[in-house]
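start-v3.txt, holding compact mmCIF, N, CA and C atoms:
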```
# COMPACT_ATOMS: atom_id res chain seq x y z
N MET M 2 31.61 -4.50 16.78
CA MET M 2 31.63 -3.15 17.29
C MET M 2 33.06 -2.62 17.40
N VAL M 3 34.02 -3.53 17.56
CA VAL M 3 35.41 -3.09 17.61
C VAL M 3 35.80 -2.45 16.27
N GLY M 4 35.40 -3.08 15.18
CA GLY M 4 35.69 -2.54 13.86
C GLY M 4 34.97 -1.22 13.61
N ILE M 5 33.75 -1.12 14.08
CA ILE M 5 33.00 0.13 13.92
C ILE M 5 33.68 1.25 14.69
N CYS M 6 34.14 0.97 15.91
CA CYS M 6 34.84 1.99 16.69
C CYS M 6 36.12 2.43 15.99
N CYS M 7 36.86 1.47 15.45
CA CYS M 7 38.10 1.82 14.74
C CYS M 7 37.78 2.62 13.48
N GLY M 8 36.75 2.23 12.75
CA GLY M 8 36.35 2.97 11.56
C GLY M 8 35.88 4.38 11.88
N LEU M 9 35.14 4.53 12.96
CA LEU M 9 34.71 5.88 13.36
C LEU M 9 35.89 6.73 13.80
N GLY M 10 36.89 6.13 14.44
CA GLY M 10 38.08 6.88 14.82
C GLY M 10 38.83 7.39 13.60
N VAL M 11 38.92 6.56 12.57
CA VAL M 11 39.56 7.00 11.32
C VAL M 11 38.72 8.08 10.66
N TRP M 12 37.40 7.93 10.68
CA TRP M 12 36.50 8.91 10.07
C TRP M 12 36.63 10.27 10.77
N VAL M 13 36.76 10.25 12.09
CA VAL M 13 36.87 11.50 12.85
C VAL M 13 38.07 12.31 12.36
N PHE M 14 39.21 11.65 12.18
CA PHE M 14 40.41 12.37 11.78
C PHE M 14 40.47 12.64 10.28
N SER M 15 39.90 11.78 9.47
CA SER M 15 39.99 11.99 8.03
C SER M 15 39.02 13.03 7.51
N SER M 16 37.86 13.15 8.13
CA SER M 16 36.86 14.09 7.62
C SER M 16 36.54 15.23 8.56
N ARG M 17 37.19 15.25 9.73
CA ARG M 17 36.89 16.27 10.75
C ARG M 17 35.41 16.34 11.05
N PHE M 18 34.87 15.21 11.45
CA PHE M 18 33.46 15.05 11.81
C PHE M 18 32.53 15.31 10.63
N GLY M 19 32.92 14.91 9.46
CA GLY M 19 32.06 15.05 8.29
C GLY M 19 31.80 16.48 7.90
N GLY M 20 32.67 17.39 8.27
CA GLY M 20 32.51 18.79 7.91
C GLY M 20 31.60 19.58 8.83
N LEU M 21 31.18 18.98 9.94
CA LEU M 21 30.28 19.70 10.85
C LEU M 21 30.95 20.90 11.50
N LEU M 22 32.26 20.82 11.71
CA LEU M 22 32.96 21.89 12.43
C LEU M 22 34.01 22.56 11.56
N ASP M 23 33.73 22.72 10.27
CA ASP M 23 34.71 23.31 9.37
C ASP M 23 35.03 24.76 9.70
N ASP M 24 34.03 25.52 10.15
CA ASP M 24 34.26 26.92 10.42
C ASP M 24 34.63 27.19 11.88
N ALA M 25 34.90 26.13 12.64
CA ALA M 25 35.27 26.30 14.05
C ALA M 25 36.78 26.48 14.19
N ASP M 26 37.19 26.88 15.37
CA ASP M 26 38.61 27.07 15.67
C ASP M 26 39.33 25.72 15.54
N MET M 27 40.49 25.72 14.92
CA MET M 27 41.22 24.48 14.65
C MET M 27 41.68 23.80 15.94
N THR M 28 42.09 24.58 16.95
CA THR M 28 42.55 23.98 18.21
C THR M 28 41.40 23.26 18.91
N ALA M 29 40.25 23.90 18.95
CA ALA M 29 39.09 23.28 19.59
C ALA M 29 38.66 22.03 18.82
N THR M 30 38.68 22.08 17.51
CA THR M 30 38.32 20.93 16.70
C THR M 30 39.30 19.79 16.92
N LEU M 31 40.58 20.10 17.00
CA LEU M 31 41.60 19.07 17.22
C LEU M 31 41.43 18.43 18.60
N LEU M 32 41.17 19.23 19.62
CA LEU M 32 40.94 18.68 20.95
C LEU M 32 39.70 17.79 20.99
N LEU M 33 38.65 18.20 20.30
CA LEU M 33 37.43 17.40 20.24
C LEU M 33 37.67 16.11 19.47
N MET M 34 38.47 16.16 18.41
CA MET M 34 38.80 14.96 17.65
C MET M 34 39.62 13.99 18.50
N ILE M 35 40.58 14.50 19.27
CA ILE M 35 41.39 13.63 20.12
C ILE M 35 40.55 13.00 21.22
N ALA M 36 39.69 13.79 21.84
CA ALA M 36 38.83 13.25 22.90
C ALA M 36 37.86 12.21 22.34
N SER M 37 37.31 12.45 21.16
CA SER M 37 36.40 11.48 20.55
C SER M 37 37.13 10.20 20.19
N ALA M 38 38.33 10.33 19.65
CA ALA M 38 39.11 9.13 19.31
C ALA M 38 39.46 8.33 20.56
N MET M 39 39.75 9.02 21.64
CA MET M 39 40.05 8.31 22.89
C MET M 39 38.81 7.58 23.42
N LEU M 40 37.65 8.20 23.33
CA LEU M 40 36.42 7.53 23.75
C LEU M 40 36.12 6.33 22.87
N LEU M 41 36.32 6.47 21.56
CA LEU M 41 36.08 5.35 20.65
C LEU M 41 37.07 4.22 20.91
N ALA M 42 38.32 4.55 21.23
CA ALA M 42 39.31 3.52 21.55
C ALA M 42 38.94 2.81 22.85
N LEU M 43 38.47 3.56 23.85
CA LEU M 43 38.03 2.94 25.09
C LEU M 43 36.83 2.04 24.86
N GLY M 44 35.91 2.49 24.02
CA GLY M 44 34.75 1.65 23.68
C GLY M 44 35.18 0.38 22.97
N ALA M 45 36.12 0.47 22.04
CA ALA M 45 36.62 -0.72 21.34
C ALA M 45 37.27 -1.68 22.33
N TYR M 46 38.03 -1.13 23.28
CA TYR M 46 38.66 -1.97 24.30
C TYR M 46 37.60 -2.70 25.14
N LEU M 47 36.55 -1.98 25.53
CA LEU M 47 35.49 -2.61 26.33
C LEU M 47 34.75 -3.68 25.54
N PHE M 48 34.52 -3.45 24.25
CA PHE M 48 33.88 -4.48 23.44
C PHE M 48 34.77 -5.71 23.31
N PHE M 49 36.06 -5.48 23.11
CA PHE M 49 36.99 -6.60 23.00
C PHE M 49 37.05 -7.38 24.31
N THR M 50 37.15 -6.68 25.44
CA THR M 50 37.20 -7.39 26.72
C THR M 50 35.88 -8.07 27.04
N GLY M 51 34.77 -7.52 26.54
CA GLY M 51 33.48 -8.19 26.71
C GLY M 51 33.43 -9.50 25.96
N VAL M 52 33.94 -9.50 24.73
CA VAL M 52 33.99 -10.75 23.96
C VAL M 52 34.95 -11.73 24.62
N TRP M 53 36.08 -11.23 25.09
CA TRP M 53 37.06 -12.09 25.77
C TRP M 53 36.47 -12.67 27.05
N ALA M 54 35.63 -11.90 27.75
CA ALA M 54 34.99 -12.39 28.96
C ALA M 54 33.98 -13.49 28.64
N VAL M 55 33.32 -13.39 27.49
CA VAL M 55 32.41 -14.47 27.08
C VAL M 55 33.19 -15.74 26.79
N VAL M 56 34.33 -15.60 26.12
CA VAL M 56 35.17 -16.77 25.81
C VAL M 56 35.65 -17.43 27.09
N ASN M 57 36.01 -16.63 28.09
CA ASN M 57 36.52 -17.16 29.35
C ASN M 57 35.43 -17.46 30.36
N ASN M 58 34.18 -17.34 29.95
CA ASN M 58 33.02 -17.68 30.79
C ASN M 58 32.94 -16.83 32.05
N ARG M 59 33.24 -15.55 31.93
CA ARG M 59 33.11 -14.62 33.06
C ARG M 59 31.73 -14.00 33.05
N THR M 60 31.29 -13.53 34.19
CA THR M 60 29.92 -13.02 34.30
C THR M 60 29.80 -11.54 34.00
N ASP M 61 30.91 -10.82 33.87
CA ASP M 61 30.82 -9.37 33.67
C ASP M 61 30.87 -8.97 32.20
N ALA M 62 30.65 -9.89 31.29
CA ALA M 62 30.75 -9.59 29.86
C ALA M 62 29.66 -8.62 29.40
N LEU M 63 28.44 -8.82 29.86
CA LEU M 63 27.34 -7.96 29.40
C LEU M 63 27.48 -6.53 29.92
N ILE M 64 27.94 -6.40 31.13
CA ILE M 64 28.07 -5.05 31.68
C ILE M 64 29.22 -4.30 31.00
N MET M 65 30.26 -5.03 30.57
CA MET M 65 31.35 -4.38 29.83
C MET M 65 30.86 -3.87 28.48
N THR M 66 30.09 -4.67 27.78
CA THR M 66 29.60 -4.22 26.48
C THR M 66 28.55 -3.11 26.63
N ALA M 67 27.76 -3.16 27.69
CA ALA M 67 26.81 -2.07 27.93
C ALA M 67 27.53 -0.76 28.19
N THR M 68 28.60 -0.82 28.97
CA THR M 68 29.40 0.37 29.21
C THR M 68 30.06 0.85 27.94
N GLY M 69 30.51 -0.08 27.11
CA GLY M 69 31.09 0.28 25.82
C GLY M 69 30.11 1.02 24.93
N HIS M 70 28.86 0.58 24.92
CA HIS M 70 27.85 1.27 24.12
C HIS M 70 27.59 2.68 24.64
N LEU M 71 27.58 2.86 25.94
CA LEU M 71 27.39 4.21 26.49
C LEU M 71 28.56 5.12 26.15
N ILE M 72 29.77 4.58 26.22
CA ILE M 72 30.96 5.39 25.93
C ILE M 72 31.04 5.76 24.46
N VAL M 73 30.65 4.84 23.58
CA VAL M 73 30.71 5.10 22.14
C VAL M 73 29.68 6.16 21.73
N ALA M 74 28.62 6.31 22.49
CA ALA M 74 27.63 7.35 22.20
C ALA M 74 28.12 8.74 22.60
N GLY M 75 29.17 8.82 23.40
CA GLY M 75 29.69 10.10 23.90
C GLY M 75 30.09 11.10 22.83
N PRO M 76 30.88 10.70 21.81
CA PRO M 76 31.24 11.68 20.78
C PRO M 76 30.04 12.25 20.03
N ALA M 77 29.05 11.41 19.75
CA ALA M 77 27.86 11.91 19.04
C ALA M 77 27.07 12.88 19.91
N ILE M 78 26.97 12.59 21.20
CA ILE M 78 26.29 13.51 22.11
C ILE M 78 27.03 14.84 22.15
N THR M 79 28.35 14.78 22.22
CA THR M 79 29.16 16.00 22.26
C THR M 79 28.98 16.81 20.98
N LEU M 80 28.98 16.13 19.83
CA LEU M 80 28.79 16.84 18.56
C LEU M 80 27.42 17.50 18.49
N LEU M 81 26.40 16.82 18.94
CA LEU M 81 25.06 17.41 18.93
C LEU M 81 24.99 18.64 19.83
N ILE M 82 25.60 18.56 20.99
CA ILE M 82 25.58 19.70 21.92
C ILE M 82 26.37 20.87 21.34
N VAL M 83 27.55 20.58 20.79
CA VAL M 83 28.37 21.65 20.20
C VAL M 83 27.66 22.29 19.03
N ASP M 84 27.06 21.47 18.17
CA ASP M 84 26.35 22.00 17.01
C ASP M 84 25.15 22.84 17.44
N PHE M 85 24.48 22.43 18.49
CA PHE M 85 23.33 23.19 18.98
C PHE M 85 23.76 24.54 19.54
N PHE M 86 24.79 24.56 20.38
CA PHE M 86 25.18 25.81 21.02
C PHE M 86 25.92 26.76 20.08
N ARG M 87 26.42 26.26 18.96
CA ARG M 87 27.07 27.17 18.01
C ARG M 87 26.05 28.05 17.31
N ASN M 88 24.90 27.48 16.95
CA ASN M 88 23.87 28.26 16.28
C ASN M 88 22.54 27.53 16.47
N GLN M 89 21.78 27.93 17.48
CA GLN M 89 20.54 27.23 17.83
C GLN M 89 19.50 27.31 16.71
N GLU M 90 19.39 28.48 16.09
CA GLU M 90 18.37 28.65 15.06
C GLU M 90 18.65 27.76 13.85
N ARG M 91 19.91 27.71 13.43
CA ARG M 91 20.28 26.85 12.30
C ARG M 91 20.08 25.38 12.64
N PHE M 92 20.39 25.00 13.87
CA PHE M 92 20.23 23.61 14.31
C PHE M 92 18.77 23.18 14.24
N ILE M 93 17.88 24.01 14.77
CA ILE M 93 16.44 23.69 14.76
C ILE M 93 15.91 23.70 13.33
N ASN M 94 16.33 24.68 12.52
CA ASN M 94 15.89 24.71 11.12
C ASN M 94 16.37 23.49 10.36
N GLU M 95 17.59 23.03 10.64
CA GLU M 95 18.11 21.83 9.99
C GLU M 95 17.32 20.59 10.41
N LEU M 96 16.96 20.53 11.68
CA LEU M 96 16.13 19.41 12.14
C LEU M 96 14.78 19.39 11.43
N VAL M 97 14.15 20.54 11.34
CA VAL M 97 12.82 20.62 10.71
C VAL M 97 12.91 20.30 9.22
N SER M 98 13.89 20.87 8.53
CA SER M 98 13.99 20.61 7.08
C SER M 98 14.38 19.16 6.80
N ASN M 99 15.22 18.58 7.65
CA ASN M 99 15.57 17.18 7.44
C ASN M 99 14.42 16.24 7.79
N ALA M 100 13.59 16.62 8.74
CA ALA M 100 12.41 15.81 9.06
C ALA M 100 11.42 15.84 7.90
N ASN M 101 11.30 17.00 7.26
CA ASN M 101 10.42 17.10 6.10
C ASN M 101 10.97 16.35 4.90
N ALA M 102 12.29 16.19 4.82
CA ALA M 102 12.92 15.51 3.69
C ALA M 102 13.07 14.00 3.92
N GLY M 103 12.52 13.48 4.99
CA GLY M 103 12.56 12.05 5.21
C GLY M 103 13.63 11.59 6.18
N PHE M 104 13.90 12.39 7.17
CA PHE M 104 14.84 12.05 8.24
C PHE M 104 16.23 11.71 7.71
N THR M 105 16.75 12.58 6.89
CA THR M 105 18.12 12.45 6.41
C THR M 105 18.94 13.58 6.99
N GLY M 106 20.22 13.50 6.86
CA GLY M 106 21.09 14.56 7.35
C GLY M 106 21.92 14.11 8.53
N SER M 107 22.95 14.87 8.80
CA SER M 107 23.91 14.48 9.83
C SER M 107 23.32 14.53 11.24
N VAL M 108 22.44 15.46 11.50
CA VAL M 108 21.87 15.59 12.84
C VAL M 108 21.04 14.36 13.18
N PHE M 109 20.25 13.90 12.24
CA PHE M 109 19.43 12.72 12.50
C PHE M 109 20.28 11.46 12.59
N ARG M 110 21.37 11.39 11.83
CA ARG M 110 22.27 10.24 11.96
C ARG M 110 22.91 10.21 13.34
N LEU M 111 23.32 11.38 13.83
CA LEU M 111 23.90 11.43 15.17
C LEU M 111 22.87 11.06 16.24
N LEU M 112 21.65 11.57 16.09
CA LEU M 112 20.59 11.22 17.03
C LEU M 112 20.28 9.72 16.99
N ALA M 113 20.25 9.14 15.81
CA ALA M 113 20.00 7.71 15.69
C ALA M 113 21.12 6.90 16.33
N TRP M 114 22.37 7.34 16.17
CA TRP M 114 23.50 6.66 16.78
C TRP M 114 23.40 6.70 18.31
N VAL M 115 23.04 7.85 18.86
CA VAL M 115 22.90 8.00 20.31
C VAL M 115 21.78 7.11 20.83
N ILE M 116 20.63 7.17 20.18
CA ILE M 116 19.48 6.38 20.62
C ILE M 116 19.78 4.89 20.51
N PHE M 117 20.41 4.45 19.42
CA PHE M 117 20.75 3.05 19.22
C PHE M 117 21.67 2.55 20.33
N ASN M 118 22.73 3.28 20.63
CA ASN M 118 23.70 2.83 21.63
C ASN M 118 23.13 2.86 23.04
N ILE M 119 22.37 3.87 23.37
CA ILE M 119 21.78 3.92 24.71
C ILE M 119 20.74 2.81 24.88
N TYR M 120 19.97 2.54 23.84
CA TYR M 120 18.98 1.47 23.90
C TYR M 120 19.66 0.11 24.06
N LEU M 121 20.73 -0.14 23.31
CA LEU M 121 21.45 -1.40 23.45
C LEU M 121 22.08 -1.53 24.83
N ALA M 122 22.63 -0.43 25.35
CA ALA M 122 23.21 -0.47 26.70
C ALA M 122 22.15 -0.80 27.74
N LEU M 123 20.96 -0.25 27.57
CA LEU M 123 19.86 -0.54 28.49
C LEU M 123 19.47 -2.01 28.42
N ILE M 124 19.34 -2.54 27.22
CA ILE M 124 18.96 -3.95 27.07
C ILE M 124 20.03 -4.86 27.67
N LEU M 125 21.32 -4.56 27.39
CA LEU M 125 22.39 -5.39 27.92
C LEU M 125 22.48 -5.31 29.44
N SER M 126 22.28 -4.14 30.00
CA SER M 126 22.35 -4.03 31.46
C SER M 126 21.16 -4.71 32.12
N LEU M 127 19.99 -4.66 31.50
CA LEU M 127 18.83 -5.38 32.04
C LEU M 127 19.02 -6.88 31.91
N ALA M 128 19.64 -7.34 30.83
CA ALA M 128 19.92 -8.76 30.69
C ALA M 128 20.94 -9.22 31.72
N ASP M 129 21.88 -8.36 32.05
CA ASP M 129 22.88 -8.71 33.05
C ASP M 129 22.28 -8.79 34.45
N SER M 130 21.32 -7.92 34.75
CA SER M 130 20.72 -7.93 36.07
C SER M 130 19.74 -9.09 36.24
N GLY M 131 19.35 -9.72 35.13
CA GLY M 131 18.42 -10.85 35.19
C GLY M 131 19.08 -12.16 35.55
N ARG M 132 20.39 -12.17 35.68
CA ARG M 132 21.11 -13.42 36.00
C ARG M 132 20.96 -13.80 37.42
```

Take the structure in the file and give it back as structure tokens.
Amino acid sequence: MVGICCGLGVWVFSSRFGGLLDDADMTATLLLMIASAMLLALGAYLFFTGVWAVVNNRTDALIMTATGHLIVAGPAITLLIVDFFRNQERFINELVSNANAGFTGSVFRLLAWVIFNIYLALILSLADSGR
């Protein structure tokens, strides 16, 4: 997950969120890119410290990785919210057309990323509370 966070951070700056915000104000896009990169860096740090806690036999390893998964879902949640509020009709039409085309498209990828990370965070936090 550390590599994935680093790769997503590079992707954020190299593609400007895959072209989702091409017609947006450059200052707002830059601030969103910086905030997303900071969240991804914090998530990478939490994943690394979670692995390090496992190596050192500490008990807080699972909760660190669960928190990392929640933090890494933050940029995708922000992108979905921004994309929705920029043009609600286009957002809903894109969801419907992508659902008819077999669940492809950037909106469904972002939704899958959010669901995946929140689900993993839930499983890890439940596993931690079972100790």

**Prompt:** When distances are computed from only C-alpha atoms, which of M:Gly4, M:Gly19, M:Gly51, M:Pro76 shows the smallest separation from Met39 (chain M)?
**Reply:**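 Looking only at the distances to Met39 (chain M), the closest residue turns out to be M:Pro76.
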
**Request:** Enumerate, as a PyMOL selection string, the complete set of residues in chain M that a backbone-based DSSP assignment places in alpha helix (DSSP H).
**Result:** chain M and resi 3-16+27-56+62-73+75-87+89-101+107-130

**Prompt:** In terms of the shortest atom-to-atom distance over only C-alpha atoms, which of M:Ala25, M:Val108, M:Val97, M:Met65 is closest to Ala122 (chain M)?
**Reply:**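 Smallest distance to Ala122 (chain M) is found for M:Met65.
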
**Gap from CA of Asp129 (chain M) to CA of Ala62 (chain M) - Å, one decimal** = 8.5 Å

**Near-Asn118 (chain M) list (6.5 Å; all atoms listed in the file; drop same-chain fewer than 4 positions) as a list in words** = His70, Leu71, Ala74, Ala113, Trp114, Ala122 and Leu123 of chain M

**Prompt:** Interatomic distance between CA of Phe14 (chain M) and CA of Asp26 (chain M)?
**Reply:**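 Distance between the two atoms: 15.3 Å.
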
Which residues are close to region 58-61 of chain M, i.e. within 12 Å by only C-alpha atoms, leaving aside same-chain residues fewer than 3 positions away? Reply as a compact mmCIF listing (two decimals) with N, CA and C atoms, keeping the file's coordinate frame.
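What follows is the written file selection17.txt:
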```
# COMPACT_ATOMS: atom_id res chain seq x y z
N LEU M 47 36.55 -1.98 25.53
CA LEU M 47 35.49 -2.61 26.33
C LEU M 47 34.75 -3.68 25.54
N PHE M 48 34.52 -3.45 24.25
CA PHE M 48 33.88 -4.48 23.44
C PHE M 48 34.77 -5.71 23.31
N THR M 50 37.15 -6.68 25.44
CA THR M 50 37.20 -7.39 26.72
C THR M 50 35.88 -8.07 27.04
N GLY M 51 34.77 -7.52 26.54
CA GLY M 51 33.48 -8.19 26.71
C GLY M 51 33.43 -9.50 25.96
N VAL M 52 33.94 -9.50 24.73
CA VAL M 52 33.99 -10.75 23.96
C VAL M 52 34.95 -11.73 24.62
N TRP M 53 36.08 -11.23 25.09
CA TRP M 53 37.06 -12.09 25.77
C TRP M 53 36.47 -12.67 27.05
N ALA M 54 35.63 -11.90 27.75
CA ALA M 54 34.99 -12.39 28.96
C ALA M 54 33.98 -13.49 28.64
N VAL M 55 33.32 -13.39 27.49
CA VAL M 55 32.41 -14.47 27.08
C VAL M 55 33.19 -15.74 26.79
N ILE M 64 27.94 -6.40 31.13
CA ILE M 64 28.07 -5.05 31.68
C ILE M 64 29.22 -4.30 31.00
N MET M 65 30.26 -5.03 30.57
CA MET M 65 31.35 -4.38 29.83
C MET M 65 30.86 -3.87 28.48
N THR M 66 30.09 -4.67 27.78
CA THR M 66 29.60 -4.22 26.48
C THR M 66 28.55 -3.11 26.63
N ALA M 67 27.76 -3.16 27.69
CA ALA M 67 26.81 -2.07 27.93
C ALA M 67 27.53 -0.76 28.19
N THR M 68 28.60 -0.82 28.97
CA THR M 68 29.40 0.37 29.21
C THR M 68 30.06 0.85 27.94
N LEU M 125 21.32 -4.56 27.39
CA LEU M 125 22.39 -5.39 27.92
C LEU M 125 22.48 -5.31 29.44
N SER M 126 22.28 -4.14 30.00
CA SER M 126 22.35 -4.03 31.46
C SER M 126 21.16 -4.71 32.12
N ALA M 128 19.64 -7.34 30.83
CA ALA M 128 19.92 -8.76 30.69
C ALA M 128 20.94 -9.22 31.72
N ASP M 129 21.88 -8.36 32.05
CA ASP M 129 22.88 -8.71 33.05
C ASP M 129 22.28 -8.79 34.45
N SER M 130 21.32 -7.92 34.75
CA SER M 130 20.72 -7.93 36.07
C SER M 130 19.74 -9.09 36.24
N GLY M 131 19.35 -9.72 35.13
CA GLY M 131 18.42 -10.85 35.19
C GLY M 131 19.08 -12.16 35.55
N ARG M 132 20.39 -12.17 35.68
CA ARG M 132 21.11 -13.42 36.00
C ARG M 132 20.96 -13.80 37.42
```

**Prompt:** For Leu81 (chain M), which residue among M:Asn99, M:Trp12, M:Leu112, M:Leu127 is the nearest when counting only N, CA and C atoms?
**Reply:**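 Smallest separation from Leu81 (chain M) among the options: M:Leu112.
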
**Prompt:** Separation of CA of Thr28 (chain M) and CA of Gly75 (chain M), in Å?
**Reply:** 19.8 Å

**Prompt:** Closest to Tyr46 (chain M) among M:Val83, M:Leu121, M:Val13, M:Val73, using only C-alpha atoms?
**Reply:**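 Among the listed residues, M:Val73 lies closest to Tyr46 (chain M).
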
**Asked** Got a sec: who's within 9 Å of Arg17 (chain M), counting only C-alpha atoms, leaving out chain neighbours fewer than 6 positions off, as an MDAnalysis selection string?
**Response** chainID M and resid 23 30:31 34

Please return region 39-47 of chain M, rebuilt to all heavy atoms, as a compact mmCIF listing (two decimals), in the frame of the given file.
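The resulting file, selection_22.txt, is shown below:
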```txt
# COMPACT_ATOMS: atom_id res chain seq x y z
N MET M 39 39.75 9.02 21.64
CA MET M 39 40.05 8.31 22.89
C MET M 39 38.81 7.58 23.42
O MET M 39 38.91 6.44 23.90
CB MET M 39 40.58 9.28 23.94
CG MET M 39 41.98 9.78 23.64
SD MET M 39 42.56 11.09 24.73
CE MET M 39 42.49 10.30 26.31
N LEU M 40 37.65 8.20 23.33
CA LEU M 40 36.42 7.53 23.75
C LEU M 40 36.12 6.33 22.87
O LEU M 40 35.71 5.28 23.36
CB LEU M 40 35.24 8.51 23.72
CG LEU M 40 35.14 9.47 24.89
CD1 LEU M 40 34.01 10.47 24.65
CD2 LEU M 40 34.91 8.72 26.18
N LEU M 41 36.32 6.47 21.56
CA LEU M 41 36.08 5.35 20.65
C LEU M 41 37.07 4.22 20.91
O LEU M 41 36.71 3.03 20.84
CB LEU M 41 36.15 5.82 19.21
CG LEU M 41 34.99 6.72 18.78
CD1 LEU M 41 35.28 7.34 17.42
CD2 LEU M 41 33.68 5.96 18.75
N ALA M 42 38.32 4.55 21.23
CA ALA M 42 39.31 3.52 21.55
C ALA M 42 38.94 2.81 22.85
O ALA M 42 39.06 1.58 22.95
CB ALA M 42 40.70 4.14 21.65
N LEU M 43 38.47 3.56 23.85
CA LEU M 43 38.03 2.94 25.09
C LEU M 43 36.83 2.04 24.86
O LEU M 43 36.73 0.95 25.43
CB LEU M 43 37.71 4.01 26.13
CG LEU M 43 37.23 3.51 27.49
CD1 LEU M 43 38.29 2.65 28.16
CD2 LEU M 43 36.85 4.68 28.38
N GLY M 44 35.91 2.49 24.02
CA GLY M 44 34.75 1.65 23.68
C GLY M 44 35.18 0.38 22.97
O GLY M 44 34.67 -0.71 23.27
N ALA M 45 36.12 0.47 22.04
CA ALA M 45 36.62 -0.72 21.34
C ALA M 45 37.27 -1.68 22.33
O ALA M 45 37.10 -2.90 22.24
CB ALA M 45 37.61 -0.31 20.25
N TYR M 46 38.03 -1.13 23.28
CA TYR M 46 38.66 -1.97 24.30
C TYR M 46 37.60 -2.70 25.14
O TYR M 46 37.73 -3.89 25.43
CB TYR M 46 39.57 -1.13 25.19
CG TYR M 46 40.09 -1.89 26.38
CD1 TYR M 46 41.10 -2.83 26.23
CD2 TYR M 46 39.56 -1.67 27.65
CE1 TYR M 46 41.57 -3.54 27.33
CE2 TYR M 46 40.03 -2.37 28.74
CZ TYR M 46 41.04 -3.30 28.58
OH TYR M 46 41.48 -3.99 29.66
N LEU M 47 36.55 -1.98 25.53
CA LEU M 47 35.49 -2.61 26.33
C LEU M 47 34.75 -3.68 25.54
O LEU M 47 34.38 -4.72 26.09
CB LEU M 47 34.53 -1.55 26.86
CG LEU M 47 35.05 -0.75 28.03
CD1 LEU M 47 34.12 0.42 28.32
CD2 LEU M 47 35.20 -1.61 29.25
```
